[in-house]
file final32.txt (compact mmCIF, C-alpha atoms and all ligand atoms)
# COMPACT_ATOMS: atom_id res chain seq x y z
CA MET A 1 200.38 -73.63 85.16
CA LYS A 2 201.60 -72.72 81.69
CA ASN A 3 202.00 -75.65 79.33
CA LEU A 4 205.67 -75.88 78.42
CA SER A 5 206.97 -78.13 75.68
CA ARG A 6 206.15 -81.41 77.48
CA SER A 7 204.49 -84.10 75.38
CA SER A 8 205.41 -82.36 72.14
CA ARG A 9 205.68 -84.41 68.95
CA VAL A 10 209.08 -84.49 67.33
CA LEU A 11 209.71 -85.86 63.83
CA LEU A 12 213.38 -86.85 63.58
CA CYS A 13 214.63 -87.12 59.99
CA VAL A 14 217.84 -89.14 59.79
CA THR A 15 219.98 -88.86 56.66
CA GLY A 16 222.96 -90.79 55.34
CA GLY A 17 225.93 -89.22 57.10
CA ILE A 18 228.34 -91.05 59.33
CA ALA A 19 226.84 -89.26 62.38
CA ALA A 20 223.61 -91.19 61.80
CA TYR A 21 225.05 -93.74 64.22
CA LYS A 22 224.23 -91.19 66.94
CA ALA A 23 220.51 -91.12 66.01
CA PRO A 24 219.55 -93.72 68.67
CA HIS A 25 221.05 -91.46 71.37
CA LEU A 26 219.08 -88.55 69.95
CA VAL A 27 215.85 -90.51 70.10
CA ARG A 28 216.57 -91.42 73.72
CA GLY A 29 217.33 -87.76 74.55
CA PHE A 30 214.00 -86.70 73.03
CA ILE A 31 212.09 -89.41 74.89
CA ARG A 32 213.82 -88.40 78.15
CA SER A 33 212.57 -84.84 77.54
CA GLY A 34 209.04 -86.21 77.55
CA TRP A 35 208.47 -85.84 73.81
CA GLU A 36 206.76 -88.29 71.48
CA VAL A 37 209.10 -89.26 68.64
CA LYS A 38 208.64 -90.54 65.10
CA VAL A 39 211.55 -91.19 62.77
CA ALA A 40 211.79 -90.83 58.98
CA MET A 41 214.95 -92.23 57.38
CA THR A 42 216.49 -91.74 53.98
CA GLU A 43 217.56 -94.88 52.18
CA ALA A 44 221.23 -93.85 52.53
CA SER A 45 220.90 -93.52 56.32
CA GLU A 46 220.02 -97.20 56.58
CA ALA A 47 223.64 -97.97 55.72
CA PHE A 48 224.66 -96.25 58.97
CA VAL A 49 221.91 -97.05 61.50
CA SER A 50 219.31 -99.74 61.83
CA PRO A 51 215.62 -98.83 61.40
CA MET A 52 214.78 -101.49 63.97
CA VAL A 53 216.86 -99.80 66.67
CA LEU A 54 215.14 -96.47 65.96
CA ALA A 55 211.68 -98.07 65.96
CA THR A 56 212.39 -99.80 69.26
CA LEU A 57 213.72 -96.69 70.99
CA SER A 58 211.06 -94.34 69.61
CA HIS A 59 208.23 -96.81 70.38
CA ASN A 60 206.88 -96.03 66.93
CA ARG A 61 207.18 -97.43 63.44
CA VAL A 62 209.97 -95.90 61.40
CA TRP A 63 209.16 -94.38 58.01
CA ARG A 64 211.60 -95.53 55.34
CA ASP A 65 211.91 -94.33 51.77
CA ARG A 66 210.61 -97.68 50.56
CA ASP A 67 207.36 -96.93 52.47
CA TYR A 68 206.88 -93.68 50.55
CA LEU A 69 205.45 -94.96 47.32
CA SER A 70 204.34 -98.32 48.67
CA ASP A 71 200.82 -99.63 48.15
CA ASP A 72 200.97 -100.78 51.80
CA SER A 73 200.98 -97.23 53.06
CA GLY A 74 199.57 -95.15 50.21
CA TRP A 75 196.17 -94.95 51.96
CA HIS A 76 197.98 -93.25 54.78
CA ILE A 77 199.96 -90.75 52.65
CA PRO A 78 203.09 -91.01 54.78
CA HIS A 79 204.56 -87.54 54.22
CA ILE A 80 201.24 -85.74 54.81
CA SER A 81 200.44 -87.72 57.98
CA LEU A 82 203.92 -87.04 59.36
CA ALA A 83 203.72 -83.35 58.40
CA GLU A 84 200.38 -82.96 60.20
CA TRP A 85 201.52 -84.93 63.23
CA ALA A 86 204.79 -83.08 63.95
CA ASP A 87 205.09 -80.07 66.27
CA VAL A 88 208.71 -79.74 65.18
CA ILE A 89 210.89 -81.38 62.51
CA VAL A 90 214.54 -82.10 63.28
CA VAL A 91 216.91 -83.12 60.48
CA ALA A 92 219.91 -84.68 62.24
CA PRO A 93 222.38 -85.44 60.94
CA CYS A 94 221.68 -83.58 57.71
CA THR A 95 223.90 -84.50 54.74
CA ALA A 96 225.04 -82.09 52.05
CA ASP A 97 222.74 -83.97 49.69
CA THR A 98 219.70 -83.43 51.91
CA VAL A 99 220.62 -79.76 52.44
CA ALA A 100 220.60 -79.38 48.64
CA ARG A 101 217.29 -81.21 48.24
CA LEU A 102 215.61 -79.16 50.99
CA ALA A 103 216.97 -75.91 49.50
CA GLY A 104 215.63 -76.97 46.13
CA GLY A 105 212.20 -77.83 47.55
CA TYR A 106 212.30 -81.43 46.36
CA ALA A 107 209.91 -84.07 47.64
CA SER A 108 211.62 -87.18 46.36
CA LYS A 109 212.09 -88.83 49.78
CA VAL A 110 209.55 -89.34 52.53
CA MET A 111 211.33 -86.85 54.81
CA ASP A 112 211.58 -84.20 52.05
CA GLY A 113 207.86 -84.49 51.43
CA ALA A 114 207.10 -84.22 55.16
CA VAL A 115 209.26 -81.08 55.51
CA LEU A 116 207.61 -79.49 52.48
CA ALA A 117 204.07 -80.34 53.61
CA SER A 118 204.51 -79.19 57.21
CA LYS A 119 203.91 -75.84 58.90
CA ALA A 120 206.02 -76.92 61.91
CA PRO A 121 209.38 -75.33 62.66
CA VAL A 122 212.29 -77.13 60.96
CA ILE A 123 215.73 -77.39 62.58
CA VAL A 124 218.62 -78.61 60.44
CA PHE A 125 221.89 -79.97 61.84
CA PRO A 126 224.34 -80.23 58.94
CA ALA A 127 227.16 -82.72 59.60
CA MET A 128 229.80 -83.52 57.01
CA ASN A 129 233.42 -83.21 55.94
CA VAL A 130 234.70 -79.66 56.50
CA ASN A 131 235.36 -79.05 52.80
CA MET A 132 231.86 -80.20 51.89
CA LEU A 133 230.52 -77.83 54.56
CA ASP A 134 232.59 -74.89 53.30
CA HIS A 135 231.82 -75.53 49.62
CA SER A 136 230.03 -72.56 48.10
CA ALA A 137 227.19 -74.83 46.97
CA THR A 138 226.55 -76.04 50.53
CA ARG A 139 226.91 -72.53 51.98
CA ARG A 140 224.47 -71.18 49.40
CA ASN A 141 222.00 -73.98 50.14
CA LEU A 142 222.25 -73.41 53.91
CA ASP A 143 221.61 -69.69 53.35
CA ILE A 144 218.53 -70.62 51.34
CA LEU A 145 217.29 -72.83 54.20
CA GLU A 146 217.73 -69.92 56.64
CA SER A 147 215.98 -67.54 54.27
CA MET A 148 213.05 -69.98 54.24
CA GLY A 149 212.84 -69.73 58.04
CA TYR A 150 214.52 -73.04 58.88
CA VAL A 151 216.85 -72.95 61.88
CA VAL A 152 220.33 -74.07 60.78
CA VAL A 153 222.60 -75.05 63.67
CA GLU A 154 226.24 -74.98 62.63
CA PRO A 155 228.18 -78.17 63.42
CA ASP A 156 230.85 -78.50 66.10
CA SER A 157 234.59 -78.63 65.44
CA GLY A 158 236.88 -81.55 66.19
CA ASP A 159 238.15 -84.81 64.73
CA LEU A 160 235.91 -85.82 61.85
CA ALA A 161 235.19 -89.43 60.95
CA CYS A 162 236.66 -88.80 57.47
CA GLY A 163 240.07 -88.20 59.09
CA TYR A 164 239.95 -84.40 58.75
CA GLU A 165 240.01 -82.00 61.64
CA GLY A 166 237.63 -79.05 61.61
CA ARG A 167 233.97 -78.08 61.62
CA GLY A 168 231.47 -80.74 60.62
CA ARG A 169 230.61 -82.80 63.71
CA LEU A 170 227.03 -83.27 64.82
CA PRO A 171 226.55 -81.32 68.10
CA ASP A 172 225.97 -83.21 71.36
CA VAL A 173 222.52 -84.61 72.12
CA ASP A 174 222.03 -81.99 74.88
CA VAL A 175 222.56 -79.14 72.42
CA ILE A 176 220.12 -80.68 69.94
CA VAL A 177 217.53 -81.12 72.72
CA GLU A 178 217.98 -77.46 73.73
CA GLU A 179 217.45 -76.30 70.13
CA VAL A 180 214.27 -78.39 69.88
CA GLU A 181 213.02 -77.01 73.20
CA ARG A 182 213.63 -73.53 71.80
CA ALA A 183 211.83 -74.24 68.54
CA LEU A 184 208.76 -75.37 70.48
CA ARG A 185 208.41 -72.12 72.45
CA PRO A 186 206.67 -68.92 71.44
CA LYS A 187 209.18 -66.22 70.54
CA ASP A 188 207.57 -63.53 72.66
CA LEU A 189 210.92 -62.24 73.97
CA GLU A 190 212.43 -61.90 70.49
CA GLY A 191 214.40 -58.67 70.05
CA LEU A 192 215.06 -58.26 73.79
CA SER A 193 218.53 -58.19 75.24
CA VAL A 194 218.42 -59.88 78.62
CA VAL A 195 221.03 -60.11 81.37
CA VAL A 196 220.67 -62.49 84.32
CA THR A 197 222.98 -62.53 87.33
CA ALA A 198 223.26 -65.95 88.93
CA GLY A 199 225.03 -68.00 91.57
CA PRO A 200 226.97 -66.98 94.67
CA THR A 201 229.84 -64.55 95.10
CA ARG A 202 233.08 -65.37 96.91
CA GLU A 203 234.95 -62.93 99.11
CA PHE A 204 238.50 -64.10 99.65
CA LEU A 205 240.33 -63.69 102.94
CA ASP A 206 243.59 -65.06 101.60
CA PRO A 207 244.53 -67.13 98.52
CA VAL A 208 242.92 -70.30 99.93
CA ARG A 209 239.93 -69.15 102.00
CA TYR A 210 236.74 -67.34 101.20
CA ILE A 211 233.28 -66.60 102.55
CA SER A 212 230.34 -67.45 100.28
CA ASN A 213 226.80 -68.91 100.35
CA PRO A 214 225.15 -72.12 99.08
CA SER A 215 223.51 -70.62 95.95
CA SER A 216 223.68 -73.22 93.14
CA GLY A 217 222.81 -70.76 90.35
CA LYS A 218 219.97 -73.05 89.20
CA MET A 219 217.23 -70.41 89.44
CA GLY A 220 219.24 -67.80 87.52
CA TYR A 221 220.31 -70.30 84.86
CA SER A 222 216.69 -71.47 84.44
CA ILE A 223 215.57 -67.85 83.98
CA ALA A 224 218.31 -67.27 81.41
CA LYS A 225 217.52 -70.49 79.49
CA GLU A 226 213.82 -69.71 79.46
CA ALA A 227 214.54 -66.27 77.98
CA TRP A 228 216.73 -67.87 75.30
CA TYR A 229 214.03 -70.43 74.46
CA ARG A 230 211.60 -67.54 74.02
CA GLY A 231 213.82 -65.70 71.55
CA ALA A 232 215.83 -63.23 73.67
CA GLU A 233 219.54 -62.60 73.29
CA VAL A 234 220.85 -63.62 76.71
CA ARG A 235 223.93 -63.09 78.88
CA ILE A 236 224.52 -64.59 82.33
CA ILE A 237 226.83 -62.87 84.80
CA SER A 238 227.69 -65.89 86.86
CA GLY A 239 229.38 -66.42 90.19
CA PRO A 240 231.23 -69.75 90.63
CA VAL A 241 228.72 -72.58 90.01
CA ALA A 242 228.91 -76.25 89.11
CA LEU A 243 226.51 -75.86 86.15
CA GLU A 244 227.33 -76.34 82.45
CA SER A 245 227.40 -73.15 80.39
CA PRO A 246 224.02 -73.20 78.64
CA HIS A 247 224.02 -73.55 74.87
CA GLY A 248 223.31 -70.29 73.03
CA ILE A 249 223.99 -68.06 76.06
CA GLN A 250 227.08 -65.96 76.77
CA VAL A 251 228.38 -66.57 80.29
CA ILE A 252 230.44 -63.81 81.93
CA PRO A 253 232.22 -65.38 84.91
CA VAL A 254 232.78 -63.30 88.06
CA THR A 255 233.98 -64.09 91.57
CA SER A 256 233.38 -61.29 94.09
CA ALA A 257 230.54 -58.84 94.65
CA GLU A 258 232.73 -56.06 93.27
CA ASP A 259 233.35 -58.10 90.07
CA MET A 260 229.60 -58.68 89.84
CA LEU A 261 228.90 -54.96 90.22
CA ASP A 262 231.44 -54.12 87.54
CA ALA A 263 229.99 -56.62 85.02
CA ALA A 264 226.37 -55.73 85.83
CA THR A 265 226.84 -51.96 85.51
CA ARG A 266 228.52 -52.47 82.12
CA ALA A 267 225.67 -54.71 80.99
CA MET A 268 223.09 -52.12 82.12
CA ASP A 269 224.30 -49.92 79.24
CA ASP A 270 222.74 -52.05 76.55
CA CYS A 271 220.18 -54.47 78.01
CA ASP A 272 216.39 -54.25 78.02
CA VAL A 273 215.84 -56.46 81.05
CA MET A 274 218.17 -57.27 83.96
CA VAL A 275 217.22 -60.06 86.34
CA LYS A 276 219.29 -60.13 89.50
CA ALA A 277 219.06 -63.72 90.68
CA ALA A 278 222.60 -63.93 92.10
CA ALA A 279 223.12 -64.35 95.84
CA VAL A 280 225.61 -61.56 96.35
CA GLY A 281 227.57 -61.40 99.62
CA ASP A 282 226.70 -58.35 101.73
CA TYR A 283 230.17 -58.11 103.25
CA ARG A 284 233.79 -58.70 102.31
CA PHE A 285 236.95 -58.87 104.39
CA ALA A 286 238.35 -55.45 105.18
CA SER A 287 241.71 -56.63 103.90
CA ARG A 288 242.81 -59.60 101.83
CA SER A 289 246.10 -61.25 102.65
CA GLU A 290 248.35 -62.06 99.70
CA HIS A 291 249.74 -65.06 101.60
CA LYS A 292 247.96 -67.91 103.33
CA ILE A 293 247.25 -66.84 106.90
CA LYS A 294 249.01 -69.25 109.27
CA ARG A 295 247.50 -70.70 112.41
CA GLU A 296 250.54 -69.74 114.49
CA GLY A 297 249.11 -71.32 117.65
CA LYS A 298 246.23 -68.83 117.98
CA SER A 299 243.09 -70.30 119.56
CA GLU A 300 240.87 -67.48 118.30
CA VAL A 301 240.99 -65.04 115.41
CA SER A 302 238.70 -62.30 114.24
CA PHE A 303 238.58 -60.51 110.94
CA SER A 304 236.88 -57.29 110.26
CA MET A 305 234.39 -57.11 107.38
CA ILE A 306 233.08 -54.16 105.42
CA ALA A 307 229.90 -53.74 103.40
CA ASN A 308 229.93 -54.63 99.71
CA PRO A 309 228.39 -52.19 97.24
CA ASP A 310 224.62 -52.51 96.93
CA ILE A 311 224.35 -53.79 93.35
CA ALA A 312 220.55 -53.73 93.13
CA ALA A 313 220.38 -50.14 94.35
CA THR A 314 223.19 -49.04 92.00
CA LEU A 315 221.43 -50.63 89.01
CA GLY A 316 218.11 -49.12 90.15
CA GLU A 317 219.71 -45.65 90.01
CA MET A 318 221.18 -46.37 86.56
CA LYS A 319 217.89 -47.64 85.13
CA LYS A 320 216.89 -45.88 81.92
CA GLN A 321 213.41 -45.30 80.53
CA GLY A 322 212.05 -48.60 79.24
CA GLN A 323 214.51 -50.86 81.07
CA ILE A 324 213.07 -53.44 83.45
CA LEU A 325 214.87 -54.49 86.61
CA VAL A 326 213.87 -57.65 88.45
CA GLY A 327 215.33 -58.48 91.86
CA PHE A 328 215.26 -61.47 94.15
CA ALA A 329 214.83 -61.51 97.92
CA ALA A 330 215.79 -64.61 99.86
CA GLU A 331 214.39 -64.22 103.35
CA THR A 332 214.01 -66.27 106.49
CA ASP A 333 211.45 -63.96 108.13
CA ASP A 334 208.98 -61.19 107.32
CA LEU A 335 209.08 -62.15 103.64
CA LYS A 336 206.36 -59.78 102.41
CA GLU A 337 207.51 -56.70 104.30
CA ASN A 338 211.16 -57.21 103.42
CA ALA A 339 210.41 -57.86 99.74
CA ARG A 340 208.15 -54.81 99.40
CA ARG A 341 210.68 -52.59 101.14
CA LYS A 342 213.49 -53.83 98.87
CA LEU A 343 211.33 -53.36 95.76
CA ARG A 344 210.81 -49.68 96.55
CA ALA A 345 214.25 -48.93 97.98
CA LYS A 346 216.12 -50.37 95.01
CA GLY A 347 214.07 -49.05 92.14
CA LEU A 348 212.99 -52.53 91.00
CA ASP A 349 210.00 -53.21 88.75
CA LEU A 350 209.42 -56.69 90.17
CA ILE A 351 210.80 -58.66 93.06
CA VAL A 352 210.73 -62.42 93.36
CA ALA A 353 210.69 -63.39 97.03
CA ASN A 354 211.80 -66.74 98.39
CA ASP A 355 211.07 -67.97 101.87
CA LEU A 356 214.18 -69.98 102.63
CA THR A 357 212.48 -71.77 105.50
CA GLU A 358 209.89 -73.38 103.19
CA PRO A 359 210.66 -76.95 102.07
CA GLY A 360 211.40 -77.19 98.29
CA SER A 361 212.34 -73.52 98.12
CA GLY A 362 215.55 -71.54 97.69
CA PHE A 363 219.18 -72.66 97.57
CA GLY A 364 220.19 -75.77 95.63
CA THR A 365 216.69 -77.19 95.09
CA ASP A 366 215.21 -78.01 91.67
CA THR A 367 211.88 -76.56 92.74
CA ASN A 368 210.98 -73.17 94.04
CA ARG A 369 208.11 -71.48 95.78
CA VAL A 370 208.09 -67.73 95.34
CA THR A 371 205.90 -64.67 95.53
CA ILE A 372 206.29 -62.04 92.81
CA PHE A 373 205.56 -58.47 93.93
CA ASP A 374 205.25 -55.42 91.68
CA VAL A 375 205.37 -51.68 92.37
CA GLN A 376 201.58 -51.34 92.09
CA GLY A 377 201.19 -53.59 95.13
CA ASN A 378 200.11 -56.72 93.22
CA SER A 379 201.49 -60.09 94.21
CA LYS A 380 201.42 -63.57 92.69
CA GLU A 381 202.37 -66.85 94.33
CA VAL A 382 204.14 -69.35 92.10
CA GLN A 383 205.25 -72.87 92.84
CA GLY A 384 206.87 -75.48 90.62
CA ASP A 385 210.17 -76.59 89.20
CA LYS A 386 212.59 -73.76 88.52
CA THR A 387 211.83 -73.87 84.76
CA GLU A 388 208.13 -73.31 85.40
CA VAL A 389 208.84 -70.52 87.87
CA ALA A 390 211.21 -68.93 85.31
CA SER A 391 208.51 -69.06 82.65
CA ILE A 392 206.04 -67.20 84.88
CA ILE A 393 208.63 -64.58 85.80
CA TRP A 394 209.03 -63.85 82.06
CA ASP A 395 205.24 -63.65 81.61
CA GLU A 396 205.19 -61.03 84.37
CA VAL A 397 208.08 -59.10 82.78
CA LEU A 398 206.28 -59.10 79.44
CA LEU A 399 203.10 -57.74 81.03
CA ARG A 400 205.13 -54.87 82.52
CA ARG A 401 206.78 -54.12 79.15
CA GLU A 402 203.45 -54.16 77.36
CA GLY A 403 201.96 -51.96 80.09
CA ARG A 404 204.55 -49.25 79.51
C1 LIG B 501 231.13 -93.81 54.60
C2 LIG B 501 230.35 -92.60 54.14
C3 LIG B 501 230.14 -91.59 55.02
C4 LIG B 501 229.43 -90.45 54.62
N1 LIG B 501 229.24 -89.44 55.50
C5 LIG B 501 228.64 -88.31 55.09
C6 LIG B 501 228.49 -87.23 55.99
O1 LIG B 501 228.88 -87.28 57.15
N2 LIG B 501 227.85 -86.12 55.54
C7 LIG B 501 227.38 -86.01 54.27
O2 LIG B 501 226.86 -84.96 53.92
N3 LIG B 501 227.50 -87.05 53.40
C8 LIG B 501 228.10 -88.19 53.78
N4 LIG B 501 228.23 -89.24 52.90
C9 LIG B 501 227.61 -89.13 51.57
C10 LIG B 501 226.12 -89.46 51.64
O3 LIG B 501 225.92 -90.75 52.18
C11 LIG B 501 225.49 -89.37 50.26
O4 LIG B 501 225.59 -88.06 49.76
C12 LIG B 501 224.05 -89.81 50.23
O5 LIG B 501 223.55 -89.68 48.93
C13 LIG B 501 223.21 -88.99 51.17
O6 LIG B 501 221.86 -89.32 51.00
P1 LIG B 501 220.72 -88.72 51.89
O7 LIG B 501 221.04 -87.27 52.08
O8 LIG B 501 219.47 -88.93 51.15
O9 LIG B 501 220.71 -89.47 53.18
C14 LIG B 501 228.92 -90.38 53.29
C15 LIG B 501 229.13 -91.43 52.42
C16 LIG B 501 229.85 -92.53 52.84
C17 LIG B 501 230.09 -93.64 51.85
call {"tool": "encode", "arguments": {"input": "final32.txt", "output": "C-alpha cells"}}
result
Amino acid sequence: MKNLSRSSRVLLCVTGGIAAYKAPHLVRGFIRSGWEVKVAMTEASEAFVSPMVLATLSHNRVWRDRDYLSDDSGWHIPHISLAEWADVIVVAPCTADTVARLAGGYASKVMDGAVLASKAPVIVFPAMNVNMLDHSATRRNLDILESMGYVVVEPDSGDLACGYEGRGRLPDVDVIVEEVERALRPKDLEGLSVVVTAGPTREFLDPVRYISNPSSGKMGYSIAKEAWYRGAEVRIISGPVALESPHGIQVIPVTSAEDMLDAATRAMDDCDVMVKAAAVGDYRFASRSEHKIKREGKSEVSFSMIANPDIAATLGEMKKQGQILVGFAAETDDLKENARRKLRAKGLDLIVANDLTEPGSGFGTDTNRVTIFDVQGNSKEVQGDKTEVASIIWDEVLLRREGR
C-alpha cells in the first residue's frame, strides 16, 4: 500500500497575532491526523498563548525565541535541527511582521531561521486586521513569499477581533489540516483538470417524494480530494449528499440524472480526466406531478418509469483524444463480466468495480474493496479506506496518461 502522509513531521510556527489562541486546536488537529508536531513560537506569540499548553498538546518541547541564542541549546542549533526534522512548515497564524521578515529573508527569530534553513514546503496563513492585510507593503510581501514557492492561504472573512469586519481571520482547523495534507503529497497531477461525479441522484415523483439510492458520495469525494492533494484543479458534480464541500474544490450541485448528464457533458469540454463515481438512477418517473399526489383511499398504486440517459455511454462517445474516462460498476453478481462489458460498451479507459455483497465495500462505508479493470484486460484488486483506494485509482490513471 502506498504510504500517504501518515506519521509526517509538522513544524508549527506560531506568531503574535490574536488568532494564536487557536494554536492549541491546530496542534490537536495535526495530532489527530497522525502527524508528529513540534512548535516554534515568536516572543510576541507568548502574549497570546501559553508555551506550556502547546508543549503538552504536541508531546514535545516548544522552541521559544529565548532558546535561540541560549547556551543551553546552542549545541543543538535549534533552527537547523528543526529545519532538518520538518517534512512541512506551517506558519499559523502569521502576522504582518512575520510576513515581512520571511519576505526579507531574515533569521532573527528561531522560526525565521528554521524556515530559511529548511527545504520542506512552507505554508503561510496570514491573519490580521483587514487594512493591514490590504496594505501594499503586506500584499507585496505576500507576493514575494509566493514567488519564493511558499503556499500562501488567504484568510477567511468575518468579524475580526479588532472590531472590523472583513478578510483577516485564520481559516478553520480543518482547512489548515487539508492544506498541510496537500503540501505533503507529490504534485504528480499538477496541470490536470479533473472532474468527479459523486453521490446519488434523485428522481422526483411529486414535490415531496423521490426515488434514489443509498450512495453517500464518500468514494467520489475521496477521489476528488486525493486529486486536489496531488495538484490537480478539481470539480465535483455532486448529487445530494451529507458531506461538507471540500476545501479547494468547486462543487457543482445536481439532483436528477438529467441534471447530472447536463453538468457532466459541459465539463467534458475542458477536462483532462473524468471519474464517474456517482450512483446515477437508471430510471425516472414517466411523469412528475406538480402537486403532492393524494392517497385518496387507494390501496395500490403503480407508476410508470422510463429509462434515464446513459451518462457513461454519452461521455464515452464525446471523449476526445487524450481525455481519460473512469467509470464505476456497483454489482451484486457477476462482477468481472459485468465490469468488463461496461468498460467496452461505454468507451471507458478504466472501470472500478465494487461487489456490493462484500462486507466493508460499497455504499456508505469508509472502506472499499474494488477491482480496477483496464481495456487491455489487466485487473488490480485494491482494498483499504476510501482515501487509499482513491490514491491507487489516481496512480492507475497516471500510468494510462503516461502510456499514451
Ligand atoms: C492585542 C494585539 C493583537 C494583535 N493581533 C495581530 C494580528 O492578528 N495580526 C498581526 O499581524 N499583528 C497583530 N498584532 C501585532 C503583533 O503582535 C506585532 O506586530 C508583533 O511584533 C508580531 O511579532 P511576531 O510576528 O514576531 O510574532 C497584535 C498586537 C496586539 C497588541
call {"tool": "closest_residue", "arguments": {"input": "final32.txt", "among": "A:Cys162, A:Leu356, A:Ala96, A:Val375", "to": "ligand LIG 501 (chain B)", "atoms": "all atoms listed in the file"}}
result
A:Ala96
call {"tool": "closest_atom_pairs", "arguments": {"input": "final32.txt", "of": "chain A", "to": "ligand LIG 501 (chain B)", "cutoff": "10 Å", "atoms": "only C-alpha atoms and all ligand atoms", "output": "tab-separated table"}}
result
residue	atom	partner	partner_atom	distance
A:Cys13	CA	B:LIG501	O9	9.4
A:Val14	CA	B:LIG501	O9	7.2
A:Thr15	CA	B:LIG501	O9	3.6
A:Gly16	CA	B:LIG501	O9	3.4
A:Gly17	CA	B:LIG501	C6	3.4
A:Ile18	CA	B:LIG501	N1	4.3
A:Ala19	CA	B:LIG501	O1	6.0
A:Ala20	CA	B:LIG501	O1	8.0
A:Met41	CA	B:LIG501	O9	7.6
A:Thr42	CA	B:LIG501	O9	4.9
A:Glu43	CA	B:LIG501	O8	6.3
A:Ala44	CA	B:LIG501	O9	4.5
A:Ser45	CA	B:LIG501	O9	5.1
A:Glu46	CA	B:LIG501	O9	8.5
A:Ala47	CA	B:LIG501	O3	8.4
A:Phe48	CA	B:LIG501	C1	8.2
A:Asp65	CA	B:LIG501	O8	9.3
A:Pro93	CA	B:LIG501	N2	7.7
A:Cys94	CA	B:LIG501	O2	6.6
A:Thr95	CA	B:LIG501	O2	3.1
A:Ala96	CA	B:LIG501	O2	3.9
A:Asp97	CA	B:LIG501	O7	4.4
A:Thr98	CA	B:LIG501	O7	4.1
A:Val99	CA	B:LIG501	O7	7.5
A:Ala100	CA	B:LIG501	O7	8.6
A:Arg101	CA	B:LIG501	O7	8.1
A:Leu102	CA	B:LIG501	O7	9.8
A:Ser108	CA	B:LIG501	O8	9.4
A:Lys109	CA	B:LIG501	O8	7.5
A:Met111	CA	B:LIG501	O8	9.2
A:Asp112	CA	B:LIG501	O8	9.2
A:Pro126	CA	B:LIG501	O2	7.3
A:Ala127	CA	B:LIG501	N2	5.3
A:Met128	CA	B:LIG501	N2	3.6
A:Asn129	CA	B:LIG501	O1	6.2
A:Val130	CA	B:LIG501	N2	9.5
A:Met132	CA	B:LIG501	O2	7.2
A:Leu133	CA	B:LIG501	O2	8.0
A:Thr138	CA	B:LIG501	O2	9.5
A:Leu160	CA	B:LIG501	O1	8.6
A:Ala161	CA	B:LIG501	O1	7.7
A:Cys162	CA	B:LIG501	C3	7.5
A:Gly168	CA	B:LIG501	O1	7.8
A:Arg169	CA	B:LIG501	O1	8.1
A:Leu170	CA	B:LIG501	O1	8.9
call {"tool": "closest_residue", "arguments": {"input": "final32.txt", "among": "A:Asp134, A:Glu165, A:Glu226, A:Glu36", "to": "Val389 (chain A)", "atoms": "only C-alpha atoms"}}
result
A:Glu226
call {"tool": "atom_distance", "arguments": {"input": "final32.txt", "atom1": "CA of Gly217 (chain A)", "atom2": "CA of Gly248 (chain A)"}}
result
17.3 Å
call {"tool": "atom_distance", "arguments": {"input": "final32.txt", "atom1": "CA of Leu205 (chain A)", "atom2": "CA of Ile311 (chain A)"}}
result
21.1 Å
call {"tool": "atom_distance", "arguments": {"input": "final32.txt", "atom1": "CA of Arg61 (chain A)", "atom2": "CA of His25 (chain A)"}}
result
17.1 Å
call {"tool": "closest_residue", "arguments": {"input": "final32.txt", "among": "A:Ala183, A:Ala103, A:Ala86, A:Ala40", "to": "Leu142 (chain A)", "atoms": "only C-alpha atoms"}}
result
A:Ala103
call {"tool": "closest_residue", "arguments": {"input": "final32.txt", "among": "A:Val88, A:Val196, A:Asn141, A:Pro171", "to": "Ile123 (chain A)", "atoms": "all atoms listed in the file"}}
result
A:Val88
call {"tool": "closest_residue", "arguments": {"input": "final32.txt", "among": "A:Lys336, A:Lys187, A:Arg167, A:Arg284", "to": "Asn131 (chain A)", "atoms": "all atoms listed in the file"}}
result
A:Arg167
call {"tool": "residues_around", "arguments": {"input": "final32.txt", "residues": "Met219 (chain A)", "least_positions_apart": "4", "cutoff": "8 Å", "atoms": "all atoms listed in the file", "output": "list in words"}}
result
Ala198, Ile223, Ala277, Lys386, Thr387 and Ala390 of chain A
call {"tool": "closest_residue", "arguments": {"input": "final32.txt", "among": "A:Glu154, A:Gln323, A:Ala232, A:Gly220", "to": "Cys271 (chain A)", "atoms": "all atoms listed in the file"}}
result
A:Gln323
call {"tool": "residues_around", "arguments": {"input": "final32.txt", "residues": "Glu290 (chain A)", "least_positions_apart": "2", "cutoff": "8 Å", "atoms": "only C-alpha atoms", "output": "list in words"}}
result
Asp206, Pro207, Arg288 and Lys292 of chain A
call {"tool": "residues_near_point", "arguments": {"input": "final32.txt", "point": "(205.9, -68.6, 95.8)", "cutoff": "12 Å", "atoms": "only C-alpha atoms", "output": "compact mmCIF listing (two decimals) with C-alpha atoms, keeping the file's coordinate frame"}}
result
# COMPACT_ATOMS: atom_id res chain seq x y z
CA PHE A 328 215.26 -61.47 94.15
CA ALA A 329 214.83 -61.51 97.92
CA ALA A 330 215.79 -64.61 99.86
CA LEU A 335 209.08 -62.15 103.64
CA LYS A 336 206.36 -59.78 102.41
CA ILE A 351 210.80 -58.66 93.06
CA VAL A 352 210.73 -62.42 93.36
CA ALA A 353 210.69 -63.39 97.03
CA ASN A 354 211.80 -66.74 98.39
CA ASP A 355 211.07 -67.97 101.87
CA LEU A 356 214.18 -69.98 102.63
CA GLU A 358 209.89 -73.38 103.19
CA PRO A 359 210.66 -76.95 102.07
CA GLY A 360 211.40 -77.19 98.29
CA SER A 361 212.34 -73.52 98.12
CA GLY A 362 215.55 -71.54 97.69
CA THR A 367 211.88 -76.56 92.74
CA ASN A 368 210.98 -73.17 94.04
CA ARG A 369 208.11 -71.48 95.78
CA VAL A 370 208.09 -67.73 95.34
CA THR A 371 205.90 -64.67 95.53
CA ILE A 372 206.29 -62.04 92.81
CA PHE A 373 205.56 -58.47 93.93
CA SER A 379 201.49 -60.09 94.21
CA LYS A 380 201.42 -63.57 92.69
CA GLU A 381 202.37 -66.85 94.33
CA VAL A 382 204.14 -69.35 92.10
CA GLN A 383 205.25 -72.87 92.84
CA GLY A 384 206.87 -75.48 90.62
CA ASP A 385 210.17 -76.59 89.20
CA LYS A 386 212.59 -73.76 88.52
CA GLU A 388 208.13 -73.31 85.40
CA VAL A 389 208.84 -70.52 87.87
CA ALA A 390 211.21 -68.93 85.31
CA ILE A 392 206.04 -67.20 84.88
CA ILE A 393 208.63 -64.58 85.80
